[in-house]
Amino acid sequence: MITFLGQGRMGVPMARRLTEAGHQVTTWRRGAGVDAASAVEGADLVITVLRDPDAVREVLTAALPGLRPGATVVEMSTIGPQAVRELRALLPPEVRLVDAPVLGGVGPAAAGTLTVLAGGDVSGCREVLEVFGTVRECGPLGAGAALKLAVMSALVPAQVLVAETLAYGNAHGIDREALLDVLAGTPLGAVAERLREPARETRYALGLAAKDLSLAAWPEATLAAAAHRRLREAEAAGLGERDLTAVAGHVAAGHGPVARVVPLNPATVPATNGMYSHAVRVGDMLYVSGQAAFDERGNLVGEGSMTEQAEHVFRCLGRILADQGAGFGDIAFLRTYLTNMDDRVEYGQVRRKYITGTPPASTTVEVSRLFMPGLLLEVDAIVALPS
């Protein structure tokens, strides 16, 4: 039996292909009313297709009680090799782990023509992986995740480069089609064709491309870093759910300089009420709004429990940081509002799980109440983003 954790644009056609191939498949997604542990109970194979490392870590942590000894977890999201190593440490030794991110969009997922980049021992799951397309064994655990990010750190900046080339041509009176025709005869031809007509349907979301580049960032990756800034600007302009090819129109519209103040509202945390943004980036600094314990529907999480509310707050904070390629170690200042200072010990136990090593500058204050009845705390932060 196979349990498929995650839906979305890629997950739905991939799960459907497994069913059509004759496999017994149980699908699970957040908010469906079934906990992850129950969904994986008895499964021989558990496949995860989720947005980012935090989502994968959170879902598999919740699924741990249901994972049976001898089961195999196949992680097919784009999360990077470090996150894969962390998952190996999280899972029990008797549960096998394979990392197998894919190359290809929604169309190849539906057609079964994806390229599966597999790291680790695939002997127990190769037949299943071949339902999705061609399986390329990359090496030890984590090798598939590393290869996926290496490929994306070339392909995504190439699309941003062509978008900027088209904008340059337009500014100098060059016919767009003529420029694309010339590019078609160069090594960038395939990329240029993708941007000739931006996709009406989202094959590879611009926001996901930005996330992938943030995972692939390293100090000497100057081109990828510049492309990442450009995509973040486009995402802040509301193009995060559009296909990556929408970056061409964004650049052409005159959004050349990176905005000094960029509001950020990652899809990985519950939406705001529209009166504020979750965070604002100014240069290399990130200012994070107060995070509190409410879910996607605006309902209170962990009523009466400081531990549950604090866990929720720090998970949300972690996702916002990850969205900008940062972590808890990059926090310069942390401010906490408590409705009862007697809860500070319980709060501190949770905080120390996430903020290790030398602590940041911080302030903790007691307030009479917060904006939603039942909230016990709120936490905001100032973060120094990695270069």
# chains A, B, ... in the order shown; residues from 1 in each chain; ligands from 1

call {"tool": "residues_around", "arguments": {"residues": "Ala322 of chain A", "least_positions_apart": "3", "cutoff": "9 Å", "atoms": "only C-alpha atoms", "output": "list in words"}}
result
Asp52, Pro53, Asp54, Lys211, Ser214, Leu215, Leu317, Gly318, Arg319, Gly325, Ala326 and Gly327 of chain A

call {"tool": "write_last_selection", "arguments": {"atoms": "C-alpha atoms", "output": "PDB file, in the first residue's frame"}}
result
ATOM      1  CA  ASP A  52       9.466  23.205   1.199  1.00  0.00           C
ATOM      2  CA  PRO A  53      11.735  21.672   3.883  1.00  0.00           C
ATOM      3  CA  ASP A  54       9.636  22.983   6.776  1.00  0.00           C
ATOM      4  CA  LYS A 211      12.098  29.083  -3.162  1.00  0.00           C
ATOM      5  CA  SER A 214      16.906  30.270  -2.047  1.00  0.00           C
ATOM      6  CA  LEU A 215      17.751  26.644  -1.233  1.00  0.00           C
ATOM      7  CA  LEU A 317       8.423  32.118  12.089  1.00  0.00           C
ATOM      8  CA  GLY A 318      10.668  29.342  10.755  1.00  0.00           C
ATOM      9  CA  ARG A 319       8.734  29.196   7.477  1.00  0.00           C
ATOM     10  CA  GLY A 325      16.874  31.641   2.834  1.00  0.00           C
ATOM     11  CA  ALA A 326      17.405  32.375   6.522  1.00  0.00           C
ATOM     12  CA  GLY A 327      17.187  30.418   9.760  1.00  0.00           C
TER      13      GLY A 327
END

call {"tool": "residues_around", "arguments": {"residues": "Leu179 of chain A", "least_positions_apart": "2", "cutoff": "12 Å", "atoms": "only C-alpha atoms", "output": "PyMOL selection string"}}
result
chain A and resi 162-163+165-170+172-177+181-186+188-189+192-193+195-196

call {"tool": "select_by_dssp", "arguments": {"residues": "segment 10-232 of chain A", "states": "alpha helix (DSSP H)", "output": "PDB file with C-alpha atoms, in the first residue's frame"}}
result
ATOM      1  CA  MET A  10       2.268  18.133  -9.188  1.00  0.00           C
ATOM      2  CA  GLY A  11       0.854  15.846  -6.529  1.00  0.00           C
ATOM      3  CA  VAL A  12      -2.575  15.281  -8.068  1.00  0.00           C
ATOM      4  CA  PRO A  13      -1.397  13.897 -11.457  1.00  0.00           C
ATOM      5  CA  MET A  14       1.380  11.893  -9.796  1.00  0.00           C
ATOM      6  CA  ALA A  15      -1.038  10.220  -7.384  1.00  0.00           C
ATOM      7  CA  ARG A  16      -3.425   9.573 -10.264  1.00  0.00           C
ATOM      8  CA  ARG A  17      -0.715   7.811 -12.257  1.00  0.00           C
ATOM      9  CA  LEU A  18      -0.042   5.466  -9.344  1.00  0.00           C
ATOM     10  CA  THR A  19      -3.728   4.577  -9.139  1.00  0.00           C
ATOM     11  CA  GLU A  20      -3.952   4.031 -12.890  1.00  0.00           C
ATOM     12  CA  ALA A  36      -0.824  12.221   8.965  1.00  0.00           C
ATOM     13  CA  ALA A  37      -0.087   9.330  11.359  1.00  0.00           C
ATOM     14  CA  SER A  38      -3.405   7.667  10.564  1.00  0.00           C
ATOM     15  CA  ALA A  39      -2.885   8.214   6.840  1.00  0.00           C
ATOM     16  CA  VAL A  40       0.467   6.353   6.760  1.00  0.00           C
ATOM     17  CA  PRO A  53      11.735  21.672   3.883  1.00  0.00           C
ATOM     18  CA  ASP A  54       9.636  22.983   6.776  1.00  0.00           C
ATOM     19  CA  ALA A  55       6.447  21.466   5.369  1.00  0.00           C
ATOM     20  CA  VAL A  56       8.130  18.096   4.810  1.00  0.00           C
ATOM     21  CA  ARG A  57       9.651  18.102   8.297  1.00  0.00           C
ATOM     22  CA  GLU A  58       6.367  19.055   9.931  1.00  0.00           C
ATOM     23  CA  VAL A  59       4.272  16.464   8.078  1.00  0.00           C
ATOM     24  CA  LEU A  60       6.717  13.595   8.584  1.00  0.00           C
ATOM     25  CA  THR A  61       7.095  14.472  12.265  1.00  0.00           C
ATOM     26  CA  ALA A  62       3.317  14.216  12.595  1.00  0.00           C
ATOM     27  CA  ALA A  63       3.364  10.930  10.647  1.00  0.00           C
ATOM     28  CA  PRO A  81      20.544  17.755   0.631  1.00  0.00           C
ATOM     29  CA  GLN A  82      20.831  19.286   4.114  1.00  0.00           C
ATOM     30  CA  ALA A  83      17.093  18.838   4.702  1.00  0.00           C
ATOM     31  CA  VAL A  84      17.369  15.234   3.490  1.00  0.00           C
ATOM     32  CA  ARG A  85      20.081  14.562   6.065  1.00  0.00           C
ATOM     33  CA  GLU A  86      17.865  16.085   8.742  1.00  0.00           C
ATOM     34  CA  LEU A  87      15.009  13.797   7.696  1.00  0.00           C
ATOM     35  CA  ARG A  88      17.289  10.780   7.967  1.00  0.00           C
ATOM     36  CA  ALA A  89      18.041  11.792  11.552  1.00  0.00           C
ATOM     37  CA  LEU A  90      14.338  12.349  12.230  1.00  0.00           C
ATOM     38  CA  VAL A 106       2.471  19.356 -14.578  1.00  0.00           C
ATOM     39  CA  GLY A 107       2.244  18.063 -18.151  1.00  0.00           C
ATOM     40  CA  PRO A 108       5.087  15.525 -17.773  1.00  0.00           C
ATOM     41  CA  ALA A 109       3.669  14.543 -14.359  1.00  0.00           C
ATOM     42  CA  ALA A 110       0.352  13.640 -15.988  1.00  0.00           C
ATOM     43  CA  ALA A 111       2.053  11.907 -18.923  1.00  0.00           C
ATOM     44  CA  ARG A 126      12.206   1.654  -8.359  1.00  0.00           C
ATOM     45  CA  GLU A 127       9.159   0.040  -9.953  1.00  0.00           C
ATOM     46  CA  VAL A 128       6.920   2.647  -8.331  1.00  0.00           C
ATOM     47  CA  LEU A 129       9.208   5.531  -9.293  1.00  0.00           C
ATOM     48  CA  ALA A 143      22.516  13.147  -4.129  1.00  0.00           C
ATOM     49  CA  GLY A 144      19.172  13.486  -5.889  1.00  0.00           C
ATOM     50  CA  ALA A 145      18.272  16.566  -3.885  1.00  0.00           C
ATOM     51  CA  ALA A 146      21.661  18.149  -4.605  1.00  0.00           C
ATOM     52  CA  LEU A 147      21.441  17.435  -8.336  1.00  0.00           C
ATOM     53  CA  LYS A 148      17.943  18.938  -8.529  1.00  0.00           C
ATOM     54  CA  LEU A 149      19.101  22.206  -6.966  1.00  0.00           C
ATOM     55  CA  ALA A 150      22.213  22.286  -9.164  1.00  0.00           C
ATOM     56  CA  VAL A 151      20.038  21.994 -12.275  1.00  0.00           C
ATOM     57  CA  MET A 152      17.545  24.626 -11.094  1.00  0.00           C
ATOM     58  CA  SER A 153      20.354  27.054 -10.207  1.00  0.00           C
ATOM     59  CA  ALA A 154      21.164  27.072 -13.940  1.00  0.00           C
ATOM     60  CA  LEU A 155      17.719  26.819 -15.539  1.00  0.00           C
ATOM     61  CA  VAL A 156      15.901  29.421 -13.446  1.00  0.00           C
ATOM     62  CA  PRO A 157      18.508  32.208 -13.785  1.00  0.00           C
ATOM     63  CA  ALA A 158      18.622  31.465 -17.515  1.00  0.00           C
ATOM     64  CA  GLN A 159      14.923  32.350 -17.806  1.00  0.00           C
ATOM     65  CA  VAL A 160      15.453  35.551 -15.813  1.00  0.00           C
ATOM     66  CA  LEU A 161      18.418  36.385 -18.075  1.00  0.00           C
ATOM     67  CA  VAL A 162      16.319  36.004 -21.231  1.00  0.00           C
ATOM     68  CA  ALA A 163      13.540  38.104 -19.663  1.00  0.00           C
ATOM     69  CA  GLU A 164      16.061  40.895 -19.052  1.00  0.00           C
ATOM     70  CA  THR A 165      17.459  40.466 -22.579  1.00  0.00           C
ATOM     71  CA  LEU A 166      13.971  40.967 -24.014  1.00  0.00           C
ATOM     72  CA  ALA A 167      13.498  44.074 -21.861  1.00  0.00           C
ATOM     73  CA  TYR A 168      16.840  45.452 -23.084  1.00  0.00           C
ATOM     74  CA  GLY A 169      15.842  44.835 -26.690  1.00  0.00           C
ATOM     75  CA  ASN A 170      12.524  46.564 -26.177  1.00  0.00           C
ATOM     76  CA  ALA A 171      14.233  49.603 -24.628  1.00  0.00           C
ATOM     77  CA  ARG A 176      10.804  41.214 -29.951  1.00  0.00           C
ATOM     78  CA  GLU A 177      10.135  38.392 -32.411  1.00  0.00           C
ATOM     79  CA  ALA A 178      13.339  39.115 -34.281  1.00  0.00           C
ATOM     80  CA  LEU A 179      15.325  38.934 -31.050  1.00  0.00           C
ATOM     81  CA  LEU A 180      13.650  35.667 -30.078  1.00  0.00           C
ATOM     82  CA  ASP A 181      14.330  34.214 -33.527  1.00  0.00           C
ATOM     83  CA  VAL A 182      18.012  35.030 -33.195  1.00  0.00           C
ATOM     84  CA  LEU A 183      18.140  33.576 -29.691  1.00  0.00           C
ATOM     85  CA  ALA A 184      16.465  30.428 -31.029  1.00  0.00           C
ATOM     86  CA  GLY A 189      17.077  28.763 -27.827  1.00  0.00           C
ATOM     87  CA  ALA A 190      14.929  26.426 -25.730  1.00  0.00           C
ATOM     88  CA  VAL A 191      14.732  28.946 -22.899  1.00  0.00           C
ATOM     89  CA  ALA A 192      13.841  31.757 -25.299  1.00  0.00           C
ATOM     90  CA  GLU A 193      11.005  29.696 -26.741  1.00  0.00           C
ATOM     91  CA  ARG A 194       9.539  29.246 -23.281  1.00  0.00           C
ATOM     92  CA  LEU A 195       9.359  33.012 -22.880  1.00  0.00           C
ATOM     93  CA  ARG A 196       8.049  33.732 -26.385  1.00  0.00           C
ATOM     94  CA  LEU A 206       7.338  31.662  -9.953  1.00  0.00           C
ATOM     95  CA  GLY A 207       7.164  31.507  -6.148  1.00  0.00           C
ATOM     96  CA  LEU A 208       8.434  27.920  -6.160  1.00  0.00           C
ATOM     97  CA  ALA A 209      11.287  28.918  -8.469  1.00  0.00           C
ATOM     98  CA  ALA A 210      12.230  31.632  -5.980  1.00  0.00           C
ATOM     99  CA  LYS A 211      12.098  29.083  -3.162  1.00  0.00           C
ATOM    100  CA  ASP A 212      14.307  26.662  -5.128  1.00  0.00           C
ATOM    101  CA  LEU A 213      16.924  29.351  -5.726  1.00  0.00           C
ATOM    102  CA  SER A 214      16.906  30.270  -2.047  1.00  0.00           C
ATOM    103  CA  LEU A 215      17.751  26.644  -1.233  1.00  0.00           C
ATOM    104  CA  ALA A 216      20.482  26.538  -3.862  1.00  0.00           C
ATOM    105  CA  THR A 222      26.238  35.564  -7.897  1.00  0.00           C
ATOM    106  CA  LEU A 223      23.999  34.958 -10.929  1.00  0.00           C
ATOM    107  CA  ALA A 224      21.584  32.773  -8.975  1.00  0.00           C
ATOM    108  CA  ALA A 225      21.485  35.360  -6.174  1.00  0.00           C
ATOM    109  CA  ALA A 226      20.635  38.150  -8.625  1.00  0.00           C
ATOM    110  CA  ALA A 227      17.918  36.023 -10.240  1.00  0.00           C
ATOM    111  CA  HIS A 228      16.552  35.208  -6.791  1.00  0.00           C
ATOM    112  CA  ARG A 229      16.221  38.918  -5.972  1.00  0.00           C
ATOM    113  CA  ARG A 230      14.423  39.526  -9.255  1.00  0.00           C
ATOM    114  CA  LEU A 231      11.962  36.703  -8.585  1.00  0.00           C
ATOM    115  CA  ARG A 232      11.308  37.906  -5.041  1.00  0.00           C
TER     116      ARG A 232
END

call {"tool": "closest_atom_pairs", "arguments": {"of": "segment 23-118 of chain A", "to": "segment 1-6 of chain A", "cutoff": "7 Å", "atoms": "only C-alpha atoms", "output": "CSV"}}
result
residue,atom,partner,partner_atom,distance
A:Gln24,CA,A:Met1,CA,5.3
A:Val25,CA,A:Ile2,CA,4.8
A:Thr26,CA,A:Thr3,CA,4.7
A:Thr27,CA,A:Phe4,CA,4.7
A:Trp28,CA,A:Leu5,CA,5.0
A:Arg29,CA,A:Gly6,CA,5.0
A:Ala39,CA,A:Thr3,CA,6.8
A:Val40,CA,A:Thr3,CA,5.7
A:Ala43,CA,A:Met1,CA,5.0
A:Asp44,CA,A:Met1,CA,5.5
A:Leu45,CA,A:Ile2,CA,4.8
A:Val46,CA,A:Thr3,CA,4.8
A:Ile47,CA,A:Phe4,CA,4.9
A:Thr48,CA,A:Leu5,CA,4.8
A:Val49,CA,A:Gly6,CA,5.1
A:Leu50,CA,A:Gly6,CA,5.5

call {"tool": "write_last_selection", "arguments": {"atoms": "N, CA, C and O atoms", "output": "short mmCIF file (atom, residue, chain, number, x, y, z; two decimals), in the first residue's frame"}}
result
data_model
loop_
_atom_site.label_atom_id
_atom_site.label_comp_id
_atom_site.auth_asym_id
_atom_site.auth_seq_id
_atom_site.Cartn_x
_atom_site.Cartn_y
_atom_site.Cartn_z
N GLN A 24 -2.47 0.41 -4.89
CA GLN A 24 -3.44 0.83 -3.88
C GLN A 24 -2.88 2.09 -3.21
O GLN A 24 -1.86 2.05 -2.53
N VAL A 25 -3.54 3.21 -3.42
CA VAL A 25 -3.00 4.50 -2.99
C VAL A 25 -3.98 5.20 -2.06
O VAL A 25 -5.18 5.30 -2.34
N THR A 26 -3.44 5.68 -0.95
CA THR A 26 -4.18 6.57 -0.05
C THR A 26 -3.57 7.96 -0.17
O THR A 26 -2.35 8.11 -0.03
N THR A 27 -4.38 8.96 -0.47
CA THR A 27 -3.87 10.33 -0.58
C THR A 27 -4.23 11.12 0.68
O THR A 27 -5.26 10.88 1.30
N TRP A 28 -3.36 12.03 1.02
CA TRP A 28 -3.56 12.87 2.21
C TRP A 28 -3.14 14.28 1.89
O TRP A 28 -2.17 14.52 1.16
N ARG A 29 -3.87 15.23 2.40
CA ARG A 29 -3.49 16.63 2.29
C ARG A 29 -3.90 17.35 3.56
O ARG A 29 -4.79 16.90 4.29
N ALA A 39 -2.95 8.40 8.29
CA ALA A 39 -2.89 8.21 6.84
C ALA A 39 -1.79 7.24 6.43
O ALA A 39 -1.94 6.50 5.46
N VAL A 40 -0.66 7.22 7.16
CA VAL A 40 0.47 6.35 6.76
C VAL A 40 0.43 5.00 7.44
O VAL A 40 1.25 4.13 7.12
N ALA A 43 1.21 1.53 5.65
CA ALA A 43 1.73 1.75 4.30
C ALA A 43 3.14 1.17 4.17
O ALA A 43 3.97 1.29 5.06
N ASP A 44 3.40 0.52 3.03
CA ASP A 44 4.74 0.03 2.72
C ASP A 44 5.62 1.16 2.19
O ASP A 44 6.82 1.19 2.40
N LEU A 45 4.96 2.08 1.46
CA LEU A 45 5.67 3.17 0.83
C LEU A 45 4.94 4.48 1.13
O LEU A 45 3.72 4.58 0.95
N VAL A 46 5.68 5.48 1.58
CA VAL A 46 5.11 6.80 1.86
C VAL A 46 5.83 7.81 0.97
O VAL A 46 7.06 7.91 1.00
N ILE A 47 5.08 8.52 0.14
CA ILE A 47 5.65 9.49 -0.80
C ILE A 47 5.25 10.89 -0.35
O ILE A 47 4.08 11.15 -0.08
N THR A 48 6.22 11.79 -0.27
CA THR A 48 5.92 13.18 0.09
C THR A 48 6.20 14.09 -1.09
O THR A 48 7.27 14.05 -1.69
N VAL A 49 5.22 14.91 -1.42
CA VAL A 49 5.36 15.97 -2.43
C VAL A 49 4.78 17.23 -1.81
O VAL A 49 3.58 17.47 -1.88
N LEU A 50 5.65 18.02 -1.17
CA LEU A 50 5.23 19.20 -0.42
C LEU A 50 6.06 20.40 -0.84
O LEU A 50 7.00 20.27 -1.63
#

call {"tool": "residues_around", "arguments": {"residues": "Tyr337 of chain A", "least_positions_apart": "5", "cutoff": "7 Å", "atoms": "only C-alpha atoms", "output": "ChimeraX atom specification"}}
result
/A:364-367,377-379

call {"tool": "residues_around", "arguments": {"residues": "segment 266-275 of chain A", "least_positions_apart": "2", "cutoff": "7 Å", "atoms": "only C-alpha atoms", "output": "list in words"}}
result
Leu264, Ser277, His278, Asp295, Glu296, Cys316, Arg319, Ile320 and Asp323 of chain A

call {"tool": "write_last_selection", "arguments": {"atoms": "C-alpha atoms", "output": "mmCIF file, in the first residue's frame"}}
result
data_model
loop_
_atom_site.group_PDB
_atom_site.id
_atom_site.type_symbol
_atom_site.label_atom_id
_atom_site.label_comp_id
_atom_site.auth_asym_id
_atom_site.auth_seq_id
_atom_site.Cartn_x
_atom_site.Cartn_y
_atom_site.Cartn_z
ATOM 1 C CA LEU A 264 6.385 39.352 1.882
ATOM 2 C CA SER A 277 2.238 41.832 5.703
ATOM 3 C CA HIS A 278 3.898 38.926 7.462
ATOM 4 C CA ASP A 295 -4.756 28.712 11.562
ATOM 5 C CA GLU A 296 -5.664 29.181 7.890
ATOM 6 C CA CYS A 316 5.380 29.984 11.336
ATOM 7 C CA ARG A 319 8.734 29.196 7.477
ATOM 8 C CA ILE A 320 8.995 32.950 6.993
ATOM 9 C CA ASP A 323 11.232 31.707 2.568
#

call {"tool": "residues_around", "arguments": {"residues": "Ile331 of chain A", "least_positions_apart": "2", "cutoff": "7 Å", "atoms": "only C-alpha atoms", "output": "list in words"}}
result
Phe328, Gly329, Phe333, Pro360, Ala381, Ile382, Val383 and Ala384 of chain A

call {"tool": "write_last_selection", "arguments": {"atoms": "all heavy atoms", "output": "PDB file, in the first residue's frame"}}
result
ATOM      1  N   PHE A 328      16.866  30.402  12.155  1.00  0.00           N
ATOM      2  CA  PHE A 328      16.768  31.017  13.477  1.00  0.00           C
ATOM      3  C   PHE A 328      18.089  31.651  13.925  1.00  0.00           C
ATOM      4  O   PHE A 328      18.098  32.604  14.693  1.00  0.00           O
ATOM      5  CB  PHE A 328      16.290  29.990  14.499  1.00  0.00           C
ATOM      6  CG  PHE A 328      14.832  29.646  14.360  1.00  0.00           C
ATOM      7  CD1 PHE A 328      14.438  28.474  13.742  1.00  0.00           C
ATOM      8  CD2 PHE A 328      13.855  30.502  14.837  1.00  0.00           C
ATOM      9  CE1 PHE A 328      13.096  28.157  13.596  1.00  0.00           C
ATOM     10  CE2 PHE A 328      12.517  30.213  14.704  1.00  0.00           C
ATOM     11  CZ  PHE A 328      12.122  29.033  14.084  1.00  0.00           C
ATOM     12  N   GLY A 329      19.195  31.133  13.426  1.00  0.00           N
ATOM     13  CA  GLY A 329      20.489  31.698  13.781  1.00  0.00           C
ATOM     14  C   GLY A 329      20.735  33.075  13.195  1.00  0.00           C
ATOM     15  O   GLY A 329      21.688  33.759  13.579  1.00  0.00           O
ATOM     16  N   PHE A 333      17.118  40.250  16.578  1.00  0.00           N
ATOM     17  CA  PHE A 333      16.332  40.735  17.709  1.00  0.00           C
ATOM     18  C   PHE A 333      14.988  40.029  17.737  1.00  0.00           C
ATOM     19  O   PHE A 333      14.344  39.874  16.701  1.00  0.00           O
ATOM     20  CB  PHE A 333      16.118  42.253  17.596  1.00  0.00           C
ATOM     21  CG  PHE A 333      15.268  42.827  18.699  1.00  0.00           C
ATOM     22  CD1 PHE A 333      15.793  43.023  19.973  1.00  0.00           C
ATOM     23  CD2 PHE A 333      13.941  43.156  18.474  1.00  0.00           C
ATOM     24  CE1 PHE A 333      15.008  43.547  20.995  1.00  0.00           C
ATOM     25  CE2 PHE A 333      13.146  43.682  19.486  1.00  0.00           C
ATOM     26  CZ  PHE A 333      13.684  43.872  20.753  1.00  0.00           C
ATOM     27  N   PRO A 360      19.811  35.699  20.458  1.00  0.00           N
ATOM     28  CA  PRO A 360      19.810  37.060  19.912  1.00  0.00           C
ATOM     29  C   PRO A 360      19.458  38.077  20.991  1.00  0.00           C
ATOM     30  O   PRO A 360      19.063  37.715  22.105  1.00  0.00           O
ATOM     31  CB  PRO A 360      18.705  36.984  18.852  1.00  0.00           C
ATOM     32  CG  PRO A 360      17.743  35.980  19.423  1.00  0.00           C
ATOM     33  CD  PRO A 360      18.604  34.943  20.098  1.00  0.00           C
ATOM     34  N   ALA A 381      10.191  39.810  15.052  1.00  0.00           N
ATOM     35  CA  ALA A 381      11.643  39.637  14.946  1.00  0.00           C
ATOM     36  C   ALA A 381      12.250  40.576  13.906  1.00  0.00           C
ATOM     37  O   ALA A 381      11.573  41.023  12.981  1.00  0.00           O
ATOM     38  CB  ALA A 381      11.974  38.186  14.581  1.00  0.00           C
ATOM     39  N   ILE A 382      13.539  40.838  14.080  1.00  0.00           N
ATOM     40  CA  ILE A 382      14.357  41.514  13.087  1.00  0.00           C
ATOM     41  C   ILE A 382      15.465  40.540  12.717  1.00  0.00           C
ATOM     42  O   ILE A 382      16.138  39.977  13.599  1.00  0.00           O
ATOM     43  CB  ILE A 382      14.933  42.829  13.634  1.00  0.00           C
ATOM     44  CG1 ILE A 382      13.801  43.781  14.028  1.00  0.00           C
ATOM     45  CG2 ILE A 382      15.847  43.486  12.596  1.00  0.00           C
ATOM     46  CD1 ILE A 382      14.281  45.051  14.706  1.00  0.00           C
ATOM     47  N   VAL A 383      15.664  40.344  11.424  1.00  0.00           N
ATOM     48  CA  VAL A 383      16.550  39.282  10.952  1.00  0.00           C
ATOM     49  C   VAL A 383      17.582  39.850   9.984  1.00  0.00           C
ATOM     50  O   VAL A 383      17.244  40.659   9.110  1.00  0.00           O
ATOM     51  CB  VAL A 383      15.727  38.183  10.225  1.00  0.00           C
ATOM     52  CG1 VAL A 383      16.623  37.025   9.800  1.00  0.00           C
ATOM     53  CG2 VAL A 383      14.581  37.703  11.112  1.00  0.00           C
ATOM     54  N   ALA A 384      18.826  39.440  10.140  1.00  0.00           N
ATOM     55  CA  ALA A 384      19.876  39.785   9.184  1.00  0.00           C
ATOM     56  C   ALA A 384      19.962  38.664   8.147  1.00  0.00           C
ATOM     57  O   ALA A 384      20.367  37.547   8.464  1.00  0.00           O
ATOM     58  CB  ALA A 384      21.221  39.941   9.909  1.00  0.00           C
TER      59      ALA A 384
END

call {"tool": "residues_around", "arguments": {"residues": "Gly348 of chain A", "least_positions_apart": "3", "cutoff": "12 Å", "atoms": "only C-alpha atoms", "output": "PyMOL selection string"}}
result
chain A and resi 306-307+310-311+314+336+338+341-345+351-356+359+364+377

call {"tool": "select_by_dssp", "arguments": {"residues": "segment 9-148 of chain A", "states": "strand (DSSP E)", "output": "number ranges by chain"}}
result
A: 25-28, 45-48, 72-75, 96-99, 102-103, 114-119, 133-139
